[in-house]
$ cat protein_17.cif   # mmCIF, C-alpha atoms and all ligand atoms
data_data
#
loop_
_atom_site.label_atom_id
_atom_site.label_comp_id
_atom_site.auth_asym_id
_atom_site.auth_seq_id
_atom_site.Cartn_x
_atom_site.Cartn_y
_atom_site.Cartn_z
CA MET A 945 158.26 55.43 134.44
CA PRO A 946 157.41 58.46 132.26
CA GLU A 947 159.48 61.58 132.84
CA PRO A 948 157.40 64.75 133.11
CA THR A 949 157.13 66.79 129.92
CA ARG A 950 158.43 70.36 129.81
CA GLU A 951 154.82 71.58 129.94
CA GLN A 952 154.05 69.43 132.97
CA GLU A 953 157.14 70.70 134.74
CA ARG A 954 156.13 74.27 134.08
CA GLU A 955 152.78 73.49 135.71
CA LEU A 956 154.56 71.87 138.66
CA TYR A 957 156.72 74.96 139.02
CA THR A 958 153.65 77.24 138.94
CA CYS A 959 151.98 75.11 141.59
CA VAL A 960 155.01 75.07 143.89
CA ILE A 961 155.32 78.86 143.67
CA ARG A 962 151.63 79.37 144.36
CA ALA A 963 151.70 76.97 147.31
CA ARG A 964 154.57 78.89 148.90
CA ALA A 965 153.15 82.33 148.09
CA LEU A 966 149.73 81.46 149.53
CA ASP A 967 151.32 79.99 152.65
CA VAL A 968 153.32 83.16 153.27
CA GLU A 969 150.23 85.31 152.72
CA LEU A 970 148.06 83.16 154.99
CA VAL A 971 150.44 83.75 157.88
CA ARG A 972 150.22 87.51 157.18
CA TRP A 973 146.43 87.33 156.89
CA HIS A 974 146.34 85.61 160.24
CA ARG A 975 148.39 88.43 161.76
CA GLN A 976 145.95 90.90 160.20
CA GLY A 977 142.99 89.09 161.75
CA ILE A 978 141.60 87.89 158.42
CA ILE A 979 141.83 84.19 159.30
CA PRO A 980 141.77 82.73 162.81
CA GLY A 981 144.59 80.22 162.41
CA PHE A 982 146.59 78.16 159.95
CA PRO A 983 149.25 75.40 159.90
CA PRO A 984 151.84 76.51 157.31
CA SER A 985 153.18 73.98 154.79
CA ILE A 986 156.47 75.81 154.27
CA GLY A 987 159.09 73.14 153.53
CA HIS A 988 156.50 70.58 152.40
CA GLU A 989 155.90 71.93 148.88
CA ALA A 990 158.15 69.60 146.87
CA THR A 991 156.72 66.54 148.61
CA GLN A 992 153.14 67.65 148.19
CA VAL A 993 153.26 68.81 144.59
CA GLY A 994 155.56 65.92 143.57
CA ALA A 995 153.19 63.35 145.13
CA ALA A 996 150.10 64.79 143.45
CA ALA A 997 151.92 64.68 140.09
CA ALA A 998 152.22 60.90 140.45
CA LEU A 999 148.47 60.32 140.83
CA ASP A 1000 145.79 59.76 138.24
CA ARG A 1001 143.16 62.33 139.12
CA THR A 1002 140.42 60.29 137.47
CA ARG A 1003 140.77 57.23 139.70
CA ASP A 1004 143.10 57.78 142.69
CA PHE A 1005 142.09 59.51 145.92
CA VAL A 1006 144.00 61.55 148.50
CA PHE A 1007 143.34 61.24 152.25
CA PRO A 1008 145.15 64.30 153.58
CA MET A 1009 146.06 65.47 157.06
CA TYR A 1010 145.73 69.16 157.91
CA ARG A 1011 149.06 70.42 156.48
CA GLU A 1012 148.45 69.78 152.78
CA LEU A 1013 147.99 73.11 151.02
CA GLY A 1014 150.33 72.26 148.10
CA LEU A 1015 148.73 68.86 147.60
CA ALA A 1016 145.27 70.43 147.61
CA LEU A 1017 146.34 72.99 145.01
CA ALA A 1018 147.98 70.35 142.85
CA MET A 1019 144.84 68.18 142.97
CA GLY A 1020 142.78 71.11 141.72
CA VAL A 1021 140.80 71.51 144.96
CA ASP A 1022 138.65 74.64 145.02
CA ILE A 1023 140.98 76.64 147.19
CA LEU A 1024 138.35 79.08 148.45
CA GLY A 1025 136.30 76.17 149.77
CA TYR A 1026 139.46 74.60 151.21
CA LEU A 1027 140.37 77.77 153.06
CA GLY A 1028 136.87 77.96 154.49
CA ASN A 1029 138.17 75.37 156.95
CA HIS A 1030 140.84 77.71 158.22
CA ASN A 1031 138.29 80.48 158.35
CA GLY A 1032 136.28 78.85 161.09
CA ASP A 1033 134.07 76.72 158.84
CA TRP A 1034 133.41 73.59 160.88
CA ASN A 1035 132.60 71.18 158.12
CA GLY A 1036 136.15 70.57 156.93
CA GLY A 1037 136.07 72.95 154.01
CA SER A 1038 133.35 73.43 151.43
CA PHE A 1039 134.95 71.91 148.36
CA ASP A 1040 133.69 68.89 146.45
CA PRO A 1041 135.82 65.91 147.54
CA VAL A 1042 134.58 63.70 144.72
CA ALA A 1043 135.45 66.22 142.00
CA SER A 1044 138.93 66.84 143.41
CA ARG A 1045 139.59 63.29 144.62
CA PHE A 1046 140.70 64.83 147.91
CA THR A 1047 138.81 64.26 151.16
CA PRO A 1048 138.18 67.12 153.60
CA ILE A 1049 141.15 67.73 155.83
CA GLN A 1050 140.78 66.88 159.51
CA SER A 1051 142.82 67.48 162.64
CA VAL A 1052 142.62 64.12 164.35
CA VAL A 1053 146.17 62.90 163.89
CA GLY A 1054 146.38 59.48 162.20
CA SER A 1055 142.65 59.10 161.57
CA ASN A 1056 142.96 59.40 157.80
CA GLY A 1057 144.99 56.14 157.57
CA PRO A 1058 141.95 53.93 158.27
CA HIS A 1059 139.84 56.09 155.92
CA ALA A 1060 142.33 55.49 153.10
CA VAL A 1061 142.44 51.77 153.83
CA GLY A 1062 138.64 51.51 153.89
CA TRP A 1063 138.40 53.23 150.53
CA ALA A 1064 141.16 51.00 149.12
CA LEU A 1065 139.33 47.89 150.35
CA GLY A 1066 136.25 49.19 148.53
CA GLN A 1067 138.31 49.49 145.32
CA LYS A 1068 139.45 45.89 145.70
CA ILE A 1069 135.96 44.54 146.41
CA ASP A 1070 134.51 46.47 143.45
CA GLY A 1071 137.29 45.32 141.11
CA ARG A 1072 138.45 48.90 140.47
CA ASP A 1073 142.03 50.08 140.14
CA GLY A 1074 142.16 53.31 142.15
CA VAL A 1075 144.98 53.89 144.61
CA ALA A 1076 144.63 55.71 147.94
CA LEU A 1077 147.31 58.16 149.06
CA ALA A 1078 147.30 58.35 152.87
CA CYS A 1079 149.18 61.43 154.10
CA ILE A 1080 150.65 61.09 157.59
CA GLY A 1081 153.14 63.10 159.63
CA ASP A 1082 156.07 61.64 161.56
CA GLY A 1083 154.08 62.25 164.76
CA GLY A 1084 151.06 60.60 163.14
CA THR A 1085 153.00 57.35 162.80
CA SER A 1086 152.93 57.04 166.61
CA GLN A 1087 149.14 56.80 166.58
CA GLY A 1088 147.35 53.48 166.98
CA ASP A 1089 145.19 54.33 163.96
CA THR A 1090 148.27 54.38 161.73
CA HIS A 1091 149.38 50.97 162.98
CA GLU A 1092 145.93 49.50 162.39
CA ALA A 1093 145.76 51.03 158.92
CA MET A 1094 149.19 49.73 157.89
CA ASN A 1095 148.60 46.30 159.40
CA PHE A 1096 145.24 45.86 157.69
CA ALA A 1097 146.54 47.18 154.37
CA GLY A 1098 149.52 44.82 154.54
CA VAL A 1099 147.48 41.73 155.39
CA TRP A 1100 144.92 42.48 152.66
CA LYS A 1101 147.51 43.77 150.13
CA LEU A 1102 145.43 46.88 149.55
CA PRO A 1103 146.21 49.61 147.02
CA VAL A 1104 147.44 52.26 149.45
CA VAL A 1105 150.50 54.48 149.41
CA PHE A 1106 151.38 55.69 152.89
CA LEU A 1107 153.19 58.97 152.40
CA VAL A 1108 154.83 60.00 155.65
CA SER A 1109 155.99 63.61 155.57
CA ASN A 1110 158.76 63.36 158.10
CA ASN A 1111 159.31 67.04 158.82
CA GLN A 1112 161.30 66.12 161.96
CA TRP A 1113 158.81 67.66 164.40
CA ALA A 1114 155.46 66.80 165.98
CA ILE A 1115 154.70 70.27 167.32
CA SER A 1116 157.57 70.54 169.86
CA VAL A 1117 158.57 66.86 169.92
CA PRO A 1118 161.62 66.06 167.74
CA LEU A 1119 161.86 62.82 165.78
CA ALA A 1120 164.43 61.32 168.15
CA GLU A 1121 161.91 61.50 170.99
CA GLN A 1122 159.20 59.96 168.86
CA VAL A 1123 160.76 57.15 166.82
CA ALA A 1124 163.13 54.96 168.81
CA GLY A 1125 164.46 53.03 165.81
CA GLY A 1126 165.38 56.21 163.93
CA SER A 1127 163.70 55.13 160.68
CA ILE A 1128 160.02 55.32 159.81
CA ALA A 1129 160.59 53.57 156.47
CA ALA A 1130 162.04 50.55 158.29
CA ARG A 1131 158.74 49.94 160.04
CA ALA A 1132 157.15 48.82 156.78
CA ALA A 1133 159.02 45.50 157.04
CA GLY A 1134 156.89 44.59 160.04
CA TYR A 1135 153.76 45.10 157.96
CA GLY A 1136 155.05 43.02 155.06
CA PHE A 1137 155.45 45.72 152.45
CA PRO A 1138 158.31 47.88 151.17
CA GLY A 1139 159.38 51.06 152.91
CA VAL A 1140 161.57 53.65 151.21
CA ALA A 1141 163.14 56.82 152.57
CA ILE A 1142 163.49 59.62 150.05
CA ASP A 1143 164.75 63.19 149.90
CA GLY A 1144 161.41 64.97 150.09
CA ASN A 1145 162.96 68.30 149.14
CA ASP A 1146 163.54 66.93 145.64
CA LEU A 1147 160.23 67.28 143.80
CA LEU A 1148 161.06 64.95 140.92
CA ALA A 1149 162.40 62.27 143.28
CA VAL A 1150 159.11 62.37 145.20
CA ARG A 1151 157.11 62.11 141.98
CA ALA A 1152 159.18 59.11 140.89
CA ALA A 1153 158.88 57.30 144.25
CA VAL A 1154 155.13 57.84 144.50
CA MET A 1155 154.66 56.79 140.87
CA ASP A 1156 156.54 53.53 141.54
CA ALA A 1157 154.41 52.88 144.61
CA VAL A 1158 151.16 53.70 142.75
CA GLU A 1159 152.10 51.34 139.89
CA ARG A 1160 152.90 48.59 142.39
CA ALA A 1161 149.55 49.09 144.11
CA ARG A 1162 147.70 49.09 140.76
CA ARG A 1163 149.34 45.79 139.84
CA GLY A 1164 147.77 44.31 142.97
CA GLU A 1165 151.06 44.07 144.86
CA GLY A 1166 149.85 46.04 147.87
CA PRO A 1167 150.96 49.04 149.87
CA THR A 1168 154.22 50.97 150.08
CA LEU A 1169 155.40 53.25 152.85
CA ILE A 1170 157.30 56.29 151.62
CA GLU A 1171 159.13 58.29 154.26
CA SER A 1172 159.70 61.69 152.72
CA ARG A 1173 162.45 63.42 154.68
CA ILE A 1174 161.85 67.13 154.90
CA TYR A 1175 161.88 69.88 157.52
CA ARG A 1176 159.06 71.93 158.93
CA ARG A 1177 160.51 75.34 158.16
CA GLY A 1178 157.80 77.32 159.94
CA PRO A 1179 155.86 77.06 163.18
CA HIS A 1180 153.50 74.13 163.78
CA ALA A 1181 150.64 76.58 163.36
CA THR A 1182 150.12 80.32 163.68
CA SER A 1183 149.55 79.84 167.43
CA ASP A 1184 152.94 78.16 167.94
CA ASP A 1185 156.28 79.71 168.91
CA PRO A 1186 159.07 77.36 167.72
CA GLY A 1187 161.60 79.55 169.55
CA ARG A 1188 160.52 77.74 172.72
CA TYR A 1189 161.89 74.40 171.55
CA ARG A 1190 164.43 75.06 168.77
CA THR A 1191 166.78 77.87 167.85
CA LEU A 1192 167.27 79.72 164.58
CA GLU A 1193 170.69 78.08 164.41
CA ASP A 1194 169.06 74.64 164.66
CA GLU A 1195 166.71 75.58 161.84
CA ARG A 1196 169.51 76.82 159.57
CA ARG A 1197 171.58 73.72 160.25
CA ASP A 1198 168.82 71.12 159.94
CA ALA A 1199 166.50 72.45 157.26
CA GLY A 1200 168.78 71.96 154.23
CA GLU A 1201 168.10 73.70 150.95
CA ASP A 1202 164.66 75.25 150.58
CA PRO A 1203 162.66 72.90 148.30
CA VAL A 1204 161.07 75.75 146.34
CA ILE A 1205 164.39 77.45 145.64
CA ARG A 1206 165.88 74.08 144.80
CA TYR A 1207 163.21 73.25 142.22
CA ARG A 1208 163.48 76.70 140.65
CA ARG A 1209 167.26 76.32 140.40
CA SER A 1210 166.95 72.85 138.88
CA ALA A 1211 164.27 73.92 136.37
CA LEU A 1212 166.34 76.96 135.34
CA GLU A 1213 169.49 74.85 134.95
CA ARG A 1214 167.64 72.35 132.77
CA ASP A 1215 166.09 75.14 130.64
CA ILE A 1216 162.57 74.07 131.62
CA ILE A 1217 161.89 77.65 132.66
CA ASP A 1218 163.67 80.97 132.15
CA GLU A 1219 163.73 84.26 134.03
CA SER A 1220 160.78 85.67 132.10
CA PHE A 1221 158.64 82.63 132.99
CA VAL A 1222 159.69 83.03 136.63
CA ALA A 1223 158.55 86.67 136.58
CA GLU A 1224 155.28 85.80 134.82
CA VAL A 1225 154.42 83.10 137.40
CA ASP A 1226 155.21 85.52 140.24
CA SER A 1227 153.01 88.28 138.85
CA GLU A 1228 150.12 85.89 138.10
CA ALA A 1229 150.44 84.52 141.63
CA ALA A 1230 150.13 88.05 143.05
CA VAL A 1231 146.84 88.61 141.19
CA TRP A 1232 145.58 85.19 142.27
CA LEU A 1233 146.42 85.94 145.92
CA GLU A 1234 144.60 89.24 145.78
CA GLY A 1235 141.46 87.41 144.60
CA ILE A 1236 141.67 85.00 147.53
CA ARG A 1237 142.29 87.81 149.98
CA SER A 1238 139.27 89.77 148.86
CA TYR A 1239 137.11 86.64 149.01
CA LEU A 1240 138.21 85.91 152.59
CA THR A 1241 137.75 89.51 153.75
CA THR A 1242 134.18 89.65 152.42
CA LEU A 1243 133.03 86.37 153.99
CA PRO A 1244 130.28 86.98 156.54
CA PRO A 1245 130.87 85.65 160.06
CA ARG A 1246 129.84 82.02 160.42
CA GLY A 1247 126.76 81.40 162.54
CA GLY A 1248 127.26 78.89 165.34
CA GLU A 1249 124.22 76.97 164.07
CA THR A 1250 126.37 75.65 161.21
CA LEU A 1251 127.77 73.25 163.84
CA PHE A 1252 124.50 71.34 163.52
CA GLU A 1253 124.25 71.40 159.74
CA ASN A 1254 125.72 68.87 157.32
CA VAL A 1255 125.91 66.15 159.97
CA TYR A 1256 122.80 64.19 159.04
CA ALA A 1257 120.39 64.67 156.14
CA GLU A 1258 117.73 65.07 158.83
CA LEU A 1259 118.66 66.23 162.32
CA THR A 1260 117.95 63.79 165.15
CA ASP A 1261 115.57 64.87 167.93
CA ASP A 1262 118.52 65.24 170.32
CA LEU A 1263 120.35 67.52 167.91
CA VAL A 1264 117.25 69.62 167.28
CA GLU A 1265 116.98 70.09 171.03
CA GLN A 1266 120.66 71.03 171.32
CA ARG A 1267 120.45 73.42 168.38
CA ASP A 1268 117.41 75.17 169.83
CA ALA A 1269 119.04 75.42 173.25
CA TRP A 1270 122.14 76.83 171.60
CA ALA A 1271 120.08 79.38 169.66
CA GLN A 1272 118.28 80.47 172.81
CA ASP A 1273 121.62 80.93 174.63
CA ALA A 1274 123.07 82.83 171.70
CA ARG A 1275 120.10 85.25 171.67
CA ALA A 1276 120.27 85.80 175.45
C1 LIG B 1301 144.59 62.02 167.95
C2 LIG B 1301 145.29 63.33 168.20
N1 LIG B 1301 146.17 63.43 169.20
C3 LIG B 1301 146.81 64.61 169.42
C4 LIG B 1301 146.53 65.70 168.65
C5 LIG B 1301 147.25 67.02 168.92
N2 LIG B 1301 148.19 67.28 167.80
C6 LIG B 1301 147.87 68.14 166.81
S1 LIG B 1301 149.07 68.23 165.69
C7 LIG B 1301 150.07 67.16 166.51
C8 LIG B 1301 151.44 66.79 166.02
C9 LIG B 1301 151.41 66.06 164.72
O1 LIG B 1301 152.70 65.94 164.20
P1 LIG B 1301 153.01 65.27 162.83
O2 LIG B 1301 152.13 64.09 162.62
O3 LIG B 1301 154.47 65.04 162.76
O4 LIG B 1301 152.54 66.34 161.75
P2 LIG B 1301 153.08 67.82 161.49
O5 LIG B 1301 152.17 68.74 162.28
O6 LIG B 1301 154.50 67.89 161.94
O7 LIG B 1301 152.94 68.07 160.03
C10 LIG B 1301 149.43 66.72 167.67
C11 LIG B 1301 150.02 65.76 168.65
C12 LIG B 1301 145.58 65.55 167.60
N3 LIG B 1301 145.26 66.57 166.79
N4 LIG B 1301 144.99 64.36 167.38
#
$ encode --input "protein_17.cif" --output "structure tokens"
Amino acid sequence: MPEPTREQERELYTCVIRARALDVELVRWHRQGIIPGFPPSIGHEATQVGAAAALDRTRDFVFPMYRELGLALAMGVDILGYLGNHNGDWNGGSFDPVASRFTPIQSVVGSNGPHAVGWALGQKIDGRDGVALACIGDGGTSQGDTHEAMNFAGVWKLPVVFLVSNNQWAISVPLAEQVAGGSIAARAAGYGFPGVAIDGNDLLAVRAAVMDAVERARRGEGPTLIESRIYRRGPHATSDDPGRYRTLEDERRDAGEDPVIRYRRSALERDIIDESFVAEVDSEAAVWLEGIRSYLTTLPPRGGETLFENVYAELTDDLVEQRDAWAQDARA
């Protein structure tokens, strides 16, 4: 498996820093009333950026859940369109999924597994060699949709990598109350494909594991389940108060080393980056953030009628009726 070049690692570093910086700002922007809500990815960065680095952006496709900011950035998603989703835009973000090979995020836990499997089946039928990355949380593995997706993918040996970001929490429910066997990776055996548990705070280890799984899938050997062990370092979302179900002491004890600090330390130690590069990335990130902030603050309020747009090419009679009734109510 090819090691990343120095140049690639510098890009990975830049992406990790931007993912963290944007996350931190988004929480502030929520507090300032600029965005209505947001699920922070703090603690997920190494897994997300490492996984994206293992994909071929010309033929693979990501089926994300809602906590995937770093993965979106690393896939080159138009981040302003992506953030439209968190700014009350109902259509899942206004970026081009085909260009970025990244479907719109959605909030229905587990539903993206079947989407990934359907796309992977299409690749097989069409004789193509793309691989689907299905992103699932530890809580998402308890959903029936995830079982159906894994079962179907196993039986049909489809090119899917199931990347489970096990951040130890499903809102307030800890892993121990969610997974009786203790291991998510072990479940893969029941579906007839390999399951591996990795240290998801180690960016290069994630890249290597996902690359192995992608190569396996491309060879026609079927799916892999990767359980990436991490920790959700922030709240579930800006509306959540983790102090109601875990203490700061728990967080300090359980979270381990921060994946962003860890990657910076490793890259510095290996002379991939130096202090002046670190400073340059930080100052470029600050300018980049300011651009995003001014975009978000100048967005006009979304009209409720957008609920009815982008559903069908032509609205059905029922929807026309509902839209008109809505408009009449809104004017009243
Ligand atoms: C089908 C469905 N059931 C319940 C919910 C409510 N819900 C939103 S997030 C969440 C927890 C998901 O936890 P996990 O999959 O571990 O992802 P994380 O948020 O920790 O990244 C739940 C139960 C939902 N969005 N969809």
$ closest_residue --input "protein_17.cif" --among "A:Gly994, A:Gly1081, A:Pro1008, A:Pro980" --to "ligand LIG 1301 (chain B)" --atoms "only C-alpha atoms and all ligand atoms"
A:Gly1081
$ atom_distance --input "protein_17.cif" --atom1 "CA of Tyr1239 (chain A)" --atom2 "CA of Phe1005 (chain A)"
27.8 Å
$ residues_near_ligand --input "protein_17.cif" --ligand "ligand LIG 1301 (chain B)" --cutoff "10 Å" --atoms "only C-alpha atoms and all ligand atoms" --output "PyMOL selection string"
chain A and resi 983-985+988+1009-1012+1050-1055+1079-1089+1108-1119+1122+1175-1176+1179-1181
$ residues_around --input "protein_17.cif" --residues "Asp1226 (chain A)" --least-positions-apart "4" --cutoff "8 Å" --atoms "all atoms listed in the file" --output "PyMOL selection string"
chain A and resi 961+1222+1230
$ closest_residue --input "protein_17.cif" --among "A:Ala998, A:Ala1157, A:Ile1023, A:Val1006" --to "Trp1232 (chain A)" --atoms "all atoms listed in the file"
A:Ile1023
$ closest_atom_pairs --input "protein_17.cif" --of "region 1054-1157 of chain A" --to "region 1196-1213 of chain A" --cutoff "7 Å" --atoms "only C-alpha atoms" --output "tab-separated table"
residue	atom	partner	partner_atom	distance
A:Asn1145	CA	A:Pro1203	CA	4.7
A:Asp1146	CA	A:Pro1203	CA	6.6
A:Leu1147	CA	A:Tyr1207	CA	6.9
$ write_last_selection --input "protein_17.cif" --atoms "C-alpha atoms" --output "CSV table (one decimal), in the coordinates of the input"
chain,number,residue,atom,x,y,z
A,1145,ASN,CA,163.0,68.3,149.1
A,1146,ASP,CA,163.5,66.9,145.6
A,1147,LEU,CA,160.2,67.3,143.8
$ closest_residue --input "protein_17.cif" --among "A:Val1150, A:Ala995, A:Leu970, A:Met1155" --to "Leu1240 (chain A)" --atoms "all atoms listed in the file"
A:Leu970
$ atom_distance --input "protein_17.cif" --atom1 "CA of Glu1219 (chain A)" --atom2 "CA of Leu1148 (chain A)"
20.7 Å
$ atom_distance --input "protein_17.cif" --atom1 "CA of Asp1004 (chain A)" --atom2 "CA of Ala1076 (chain A)"
5.8 Å
$ residues_near_point --input "protein_17.cif" --point "(140.6, 51.4, 152.8)" --cutoff "10 Å" --atoms "all atoms listed in the file" --output "JSON, numbers by chain"
{"A": [1056, 1057, 1058, 1059, 1060, 1061, 1062, 1063, 1064, 1065, 1066, 1067, 1068, 1075, 1076, 1078, 1093, 1096, 1097, 1100, 1102, 1103, 1104]}
$ residues_around --input "protein_17.cif" --residues "Ile1142 (chain A)" --least-positions-apart "5" --cutoff "10 Å" --atoms "all atoms listed in the file" --output "PyMOL selection string"
chain A and resi 991+1129+1149-1150+1153+1170-1174
$ closest_residue --input "protein_17.cif" --among "A:Lys1101, A:Arg1131, A:His1091, A:Arg1045" --to "Gly1164 (chain A)" --atoms "all atoms listed in the file"
A:Lys1101
